[in-house]
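Here's the structure, in structure tokens; my notes come after.
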Amino acid sequence: MGFGTFLGIFLLLVGVSILLRIFTGINIPLGRIALGVFLIYFGVRVILGSSWNIGWKHERQDREDAHTALFREGNFKPNHTDSSTQDYQIVFGRGTIDLTGLAKFQGEKPDTVEVNVVFGEAVVLLDPTIQTQIHASSVFGEARMPNGDLVAFGSMRHYFPNAAQAPEAISVLKVQGNVVFGSLRFETKPGAN
């Protein structure tokens, strides 16, 4: 049901309500009923995770959904054709970001991958053969490093496997993780070489 249809039905009911009040003395509180129907409609849309975009916004939504999990679960696998910085947002949802496939794009992989988690849960899968620097910040959340170290409030740096001593000729993947009231875990993918 489009907005025009909804507005037409509402105006029709307002007219009927005025006529009923004048001729019969029956008072129907349409304002309260309309507010209640709107709140029920809004609640159902949030629970079902329905799209909030209208026609012309679908193209932008497709681009945003490639790196965003909003009220849903998402699995992301970056590739070397994306820009030098890749951002992933997990908001009120759950997501897995698999960075293990970047090993075959040596020299072409993104410089920085940023993962933002707000009231959600994310797992970042790492390849043990890729030199990786992790910087995680957390506010009332949890950021867990591959070795089990944890930060709940503040920030922490972790070099994986030994990116701190890597020569400058070797490219190092930088991962920035930010968590607010959520959970972010960095893990090695089993069987990744």
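All residue names refer to the structure tokens as shown: chains lettered A, B, ... in order, residues numbered from 1 in each chain, ligands numbered from 1 in order.
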### Query
Which neighbours of A:Phe92 fall inside 10 Å, counting only C-alpha atoms, when residues of the same chain fewer than 3 positions from it are skipped, and could you give them as a PyMOL selection string?
chain A and resi 69-73+89+117-121+181-182
Dump N, CA and C atoms for the selected residues as a PDB file, in the first residue's frame?
```pdb
ATOM      1  N   ALA A  69      25.402  -4.811   7.152  1.00  0.00           N
ATOM      2  CA  ALA A  69      24.376  -5.722   7.672  1.00  0.00           C
ATOM      3  C   ALA A  69      23.581  -4.949   8.710  1.00  0.00           C
ATOM      4  N   LEU A  70      22.406  -4.490   8.334  1.00  0.00           N
ATOM      5  CA  LEU A  70      21.546  -3.718   9.215  1.00  0.00           C
ATOM      6  C   LEU A  70      20.319  -4.567   9.526  1.00  0.00           C
ATOM      7  N   PHE A  71      20.143  -4.945  10.785  1.00  0.00           N
ATOM      8  CA  PHE A  71      19.042  -5.805  11.218  1.00  0.00           C
ATOM      9  C   PHE A  71      19.023  -7.125  10.459  1.00  0.00           C
ATOM     10  N   ARG A  72      20.186  -7.660  10.113  1.00  0.00           N
ATOM     11  CA  ARG A  72      20.229  -8.937   9.389  1.00  0.00           C
ATOM     12  C   ARG A  72      21.575  -9.600   9.603  1.00  0.00           C
ATOM     13  N   GLU A  73      21.747 -10.752   8.995  1.00  0.00           N
ATOM     14  CA  GLU A  73      23.014 -11.459   9.044  1.00  0.00           C
ATOM     15  C   GLU A  73      23.671 -11.337   7.674  1.00  0.00           C
ATOM     16  N   GLN A  89      29.964  -2.446   7.964  1.00  0.00           N
ATOM     17  CA  GLN A  89      29.163  -2.024   9.096  1.00  0.00           C
ATOM     18  C   GLN A  89      28.211  -3.138   9.479  1.00  0.00           C
ATOM     19  N   VAL A 117      31.089  -2.261  14.426  1.00  0.00           N
ATOM     20  CA  VAL A 117      30.016  -3.079  14.989  1.00  0.00           C
ATOM     21  C   VAL A 117      29.290  -2.259  16.047  1.00  0.00           C
ATOM     22  N   VAL A 118      27.983  -2.100  15.864  1.00  0.00           N
ATOM     23  CA  VAL A 118      27.159  -1.373  16.830  1.00  0.00           C
ATOM     24  C   VAL A 118      25.989  -2.282  17.203  1.00  0.00           C
ATOM     25  N   PHE A 119      25.899  -2.654  18.468  1.00  0.00           N
ATOM     26  CA  PHE A 119      24.849  -3.539  18.960  1.00  0.00           C
ATOM     27  C   PHE A 119      24.744  -4.789  18.094  1.00  0.00           C
ATOM     28  N   GLY A 120      25.873  -5.379  17.734  1.00  0.00           N
ATOM     29  CA  GLY A 120      25.864  -6.562  16.892  1.00  0.00           C
ATOM     30  C   GLY A 120      27.039  -7.458  17.204  1.00  0.00           C
ATOM     31  N   GLU A 121      27.262  -8.405  16.304  1.00  0.00           N
ATOM     32  CA  GLU A 121      28.353  -9.359  16.463  1.00  0.00           C
ATOM     33  C   GLU A 121      29.015  -9.578  15.108  1.00  0.00           C
ATOM     34  N   PHE A 181      28.901  -1.504  22.179  1.00  0.00           N
ATOM     35  CA  PHE A 181      27.857  -2.397  22.685  1.00  0.00           C
ATOM     36  C   PHE A 181      27.704  -3.623  21.796  1.00  0.00           C
ATOM     37  N   GLY A 182      28.818  -4.255  21.432  1.00  0.00           N
ATOM     38  CA  GLY A 182      28.751  -5.434  20.584  1.00  0.00           C
ATOM     39  C   GLY A 182      29.951  -6.322  20.786  1.00  0.00           C
TER      40      GLY A 182
END
```
### Message
Can you tell me which residues surround A:Thr100 at a distance of at most 10 Å, considering only C-alpha atoms, apart from same-chain residues fewer than 5 positions away, and format the answer as a list in words?
### Response
Lys77, Pro78, Val124, Leu125, Leu126, Asp127, Pro128, Thr129, Ile130, Thr188, Lys189, Ala192 and Asn193 of chain A
Generate the output file for the selected residues, C-alpha atoms, as a compact mmCIF listing (two decimals), in the first residue's frame.
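This is the output file out.txt:
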```
# COMPACT_ATOMS: atom_id res chain seq x y z
CA LYS A 77 34.21 -11.64 1.16
CA PRO A 78 36.25 -8.68 -0.11
CA VAL A 124 36.78 -11.39 10.98
CA LEU A 125 38.51 -14.42 9.48
CA LEU A 126 42.24 -13.98 8.86
CA ASP A 127 44.75 -15.95 6.81
CA PRO A 128 47.80 -16.83 8.93
CA THR A 129 50.08 -16.24 5.91
CA ILE A 130 49.06 -12.58 5.45
CA THR A 188 42.21 -17.63 11.87
CA LYS A 189 40.26 -19.59 9.34
CA ALA A 192 43.73 -21.35 5.45
CA ASN A 193 47.31 -21.47 4.22
```
### Top pick for closest residue to A:Val91, considering A:Gly177, A:Val113, A:Ala122, A:Ser155 and counting only C-alpha atoms
A:Ala122
### Task
Have a look at atom CA of A:Val179 and atom CA of A:Val115 and let me know their distance in Å, one decimal.
8.4 Å
